[in-house]
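Asker: Would you mind keeping the following structure in view while I ask a few things?
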2 protein chains.
Amino acid sequence: MARRNEHTKGELKALALDAVLVIAERDGPQVVSARKVAQEIGYAPGMLYHLFENIDDLILQANTRTVSALTDDLVRATKRQSADKAVLTMALRYLQLAQKNGRRWQLLFEHTMRNGVAVPSWYQAQTAKLFGLVEQQLVRMCPQKKSVEIQLAARAVWSAVHGVCLLSVTGKLNVGGAVKEARLVESLVQNYLHGWKSID
Amino acid sequence: MARRNEHTKGELKALALDAVLVIAERDGPQVVSARKVAQEIGYAPGMLYHLFENIDDLILQANTRTVSALTDDLVRATKRQSADKAVLTMALRYLQLAQKNGRRWQLLFEHTMRNGVAVPSWYQAQTAKLFGLVEQQLVRMCPQKKSVEIQLAARAVWSAVHGVCLLSVTGKLNVGGAVKEARLVESLVQNYLHGWKSID
DNA sequence: ACCTGAACACCGTTCAAGT
DNA sequence: ACCTGAACACCGTTCAAGT
């Protein structure tokens, strides 16, 4: 068997990553597995282990696409906005994208490393970019604040928004009719920033 | 074979739930499985399906213990505190417990329903109690606010704190040295409430 | 009635062996 | 060099059959 050489290594990687997202969106994130991905692209399961370290690596690389698309979207959406408006826009768009492409974000939110291995640094770096976007706006908003305070506030506000998005997408936020997720995000961002700006 | 009758159904359930938490803490949350739990208590795997609907039911019931212990702790810890103080105390103790019993909370945070089934309502009710505790304090703090606003603020502040706890326990919050999780929680609660109280 | 253990349909991962 | 497919060690879940 073998020696098909229909695709380069890079093409195969791209095919596999596409397949991960297709399966997640079509059949649900729980269905994504090495065997299913291999089947989807018409290869043997073992082949994937020449391209990826393991199933976590494969899923993490697929999730990077999702985060990367979010980052690009946020940058585009906040062009020429005031700092205050930009932070709110980012938060709301995060929620919007998460709710719209629910299953793709479920794959991201619900994924956990097997054996409790730590998330690799290249992945952390990707998510750190998101913090960076928020920090940029907070600096514009309060140039006098110390760098440590900017970092803290960016992480606080983003963790908060992340909390709402995660609970929303994974269906754990028992919002009873009247309470809409978007209103939670608005309330969080606006009240937090209002309080934050008013101290020293 | 069978007919051991060493334990009542209730005792067996308790043994199984203990085993879930023991395995999670001793070997890591990823190691918890129906087969491992059965082995831990010296029974055949199939037996568990006479006590629990499926593996999700088993883990969810074990996680209920964790949430329940949290709820009790929060009630105790906030006796005779002012409303402002109480909300902060609850948030910080949530973080504290989550960080202290890391693996037990990982089991809670990292668990997702197989096949994407919805979380059962009895479990939602348990977590709703937590919102309730926050709501109680917010009512004390601002008796003039409408019930909808209380509910919204309670969910906002708790989702935010949850976001920090989750990112902390699952190791996804890349806090670079200077930024401590407790400071994030403090900043979130205090600034949010400060802003929230100042509107209408 | 209570529990077993074998069976079924899945996993992730490895690796000798084919082309 | 590239890829296979069988194998290994796991899963969750079911259910006829033993006591």
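Chain lettering (A, B, ...) mirrors the order of the structure tokens, residue numbering begins at 1 for each chain separately, and ligand numbering begins at 1 in order of display.
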Skipping near chain neighbours, those fewer than 5 positions away, what residues fall within 12 Å of DC11 in chain C using only C-alpha atoms (C1' of nucleotides), listed as a list in words?
Answerer: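 The filter keeps Gln30, Val31, Val32, Ser33, Ala34, Arg35, Lys36, Pro45 and Ile55 of chain A; DA9, DC10, DC11 and DG12 of chain D.
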Asker: Convert the current residue selection to file output with C-alpha atoms (C1' of nucleotides), as a compact mmCIF listing (two decimals), in the first residue's frame.
Answerer:
```txt
# COMPACT_ATOMS: atom_id res chain seq x y z
CA GLN A 30 -18.04 15.45 20.07
CA VAL A 31 -17.82 13.53 16.79
CA VAL A 32 -14.39 14.88 15.89
CA SER A 33 -11.83 12.08 16.19
CA ALA A 34 -8.62 11.12 14.44
CA ARG A 35 -10.36 8.21 12.76
CA LYS A 36 -13.28 10.37 11.55
CA PRO A 45 -5.83 7.14 10.58
CA ILE A 55 -5.27 14.49 18.43
C1' DA D 9 -4.80 -0.86 25.05
C1' DC D 10 -8.31 1.56 26.05
C1' DC D 11 -13.52 3.64 26.06
C1' DG D 12 -19.30 3.57 27.00
```
Asker: Could you pull the residues within 10 Å of DG5 in chain D, counting only C-alpha atoms (C1' of nucleotides), minus those fewer than 5 positions along the same chain, as a list in words?
Answerer: Met1, Ala44, Pro45 and Gly46 of chain A; DA17 of chain C
Asker: Counting only C-alpha atoms (C1' of nucleotides), which residues of chain A come no farther than 12 Å from chain D, as a PyMOL selection string?
Answerer: chain A and resi 1-9+42-51
Asker: What residues in chain B get the DSSP label helix (DSSP H, G or I)? Please answer as a PyMOL selection string.
Answerer: chain B and resi 9-27+29-31+34-41+45-51+55-77+83-100+102-110+114-116+121-141+147-169+181-198
Asker: Against chain A, which residues of chain B fall within 8 Å? For each one I want the closest pair of atoms and the distance in Å (one decimal), counting only C-alpha atoms, rows by chain and increasing residue number, as a Markdown table.
Answerer:
```
| residue | atom | partner | partner_atom | distance |
| --- | --- | --- | --- | --- |
| B:Gly28 | CA | A:Gly116 | CA | 7.3 |
| B:Gln30 | CA | A:Asn115 | CA | 6.0 |
| B:Val31 | CA | A:Asn115 | CA | 7.7 |
| B:Glu110 | CA | A:Thr112 | CA | 6.6 |
| B:His111 | CA | A:Glu110 | CA | 8.0 |
| B:Thr112 | CA | A:Glu110 | CA | 6.6 |
| B:Arg114 | CA | A:Gln30 | CA | 6.6 |
| B:Asn115 | CA | A:Gln30 | CA | 6.0 |
| B:Gly116 | CA | A:Gln30 | CA | 6.9 |
| B:Ala118 | CA | A:Gly171 | CA | 7.2 |
| B:Val119 | CA | A:Lys172 | CA | 7.3 |
| B:Gln124 | CA | A:Asn174 | CA | 6.9 |
| B:Ala128 | CA | A:Asn174 | CA | 7.3 |
| B:Val148 | CA | A:Ala178 | CA | 7.2 |
| B:Gln151 | CA | A:Val179 | CA | 7.6 |
| B:Leu152 | CA | A:Val179 | CA | 6.1 |
| B:Ala153 | CA | A:Ser187 | CA | 7.5 |
| B:Arg155 | CA | A:Leu184 | CA | 7.3 |
| B:Ala156 | CA | A:Leu184 | CA | 5.3 |
| B:Val157 | CA | A:Leu188 | CA | 7.4 |
| B:Ser159 | CA | A:Gly163 | CA | 5.0 |
| B:Ala160 | CA | A:Ala160 | CA | 3.6 |
| B:Val161 | CA | A:Ala160 | CA | 6.7 |
| B:His162 | CA | A:Gly163 | CA | 6.0 |
| B:Gly163 | CA | A:Gly163 | CA | 3.8 |
| B:Val164 | CA | A:Ser159 | CA | 5.4 |
| B:Leu167 | CA | A:Ser159 | CA | 7.5 |
| B:Gly171 | CA | A:Ala118 | CA | 7.3 |
| B:Lys172 | CA | A:Gln124 | CA | 7.3 |
| B:Asn174 | CA | A:Gln124 | CA | 7.0 |
| B:Ala178 | CA | A:Val148 | CA | 7.3 |
| B:Val179 | CA | A:Leu152 | CA | 6.1 |
| B:Arg183 | CA | A:Leu152 | CA | 7.9 |
| B:Leu184 | CA | A:Ala156 | CA | 5.3 |
| B:Val185 | CA | A:Ala156 | CA | 7.3 |
| B:Ser187 | CA | A:Ala156 | CA | 7.2 |
| B:Leu188 | CA | A:Ala156 | CA | 6.1 |
| B:Gln190 | CA | A:Gly195 | CA | 7.7 |
| B:Asn191 | CA | A:Gly195 | CA | 4.3 |
| B:Tyr192 | CA | A:Tyr192 | CA | 4.2 |
| B:Leu193 | CA | A:Asn191 | CA | 7.3 |
| B:His194 | CA | A:Gly195 | CA | 5.3 |
| B:Gly195 | CA | A:Asn191 | CA | 4.3 |
| B:Trp196 | CA | A:Asn191 | CA | 5.5 |
```
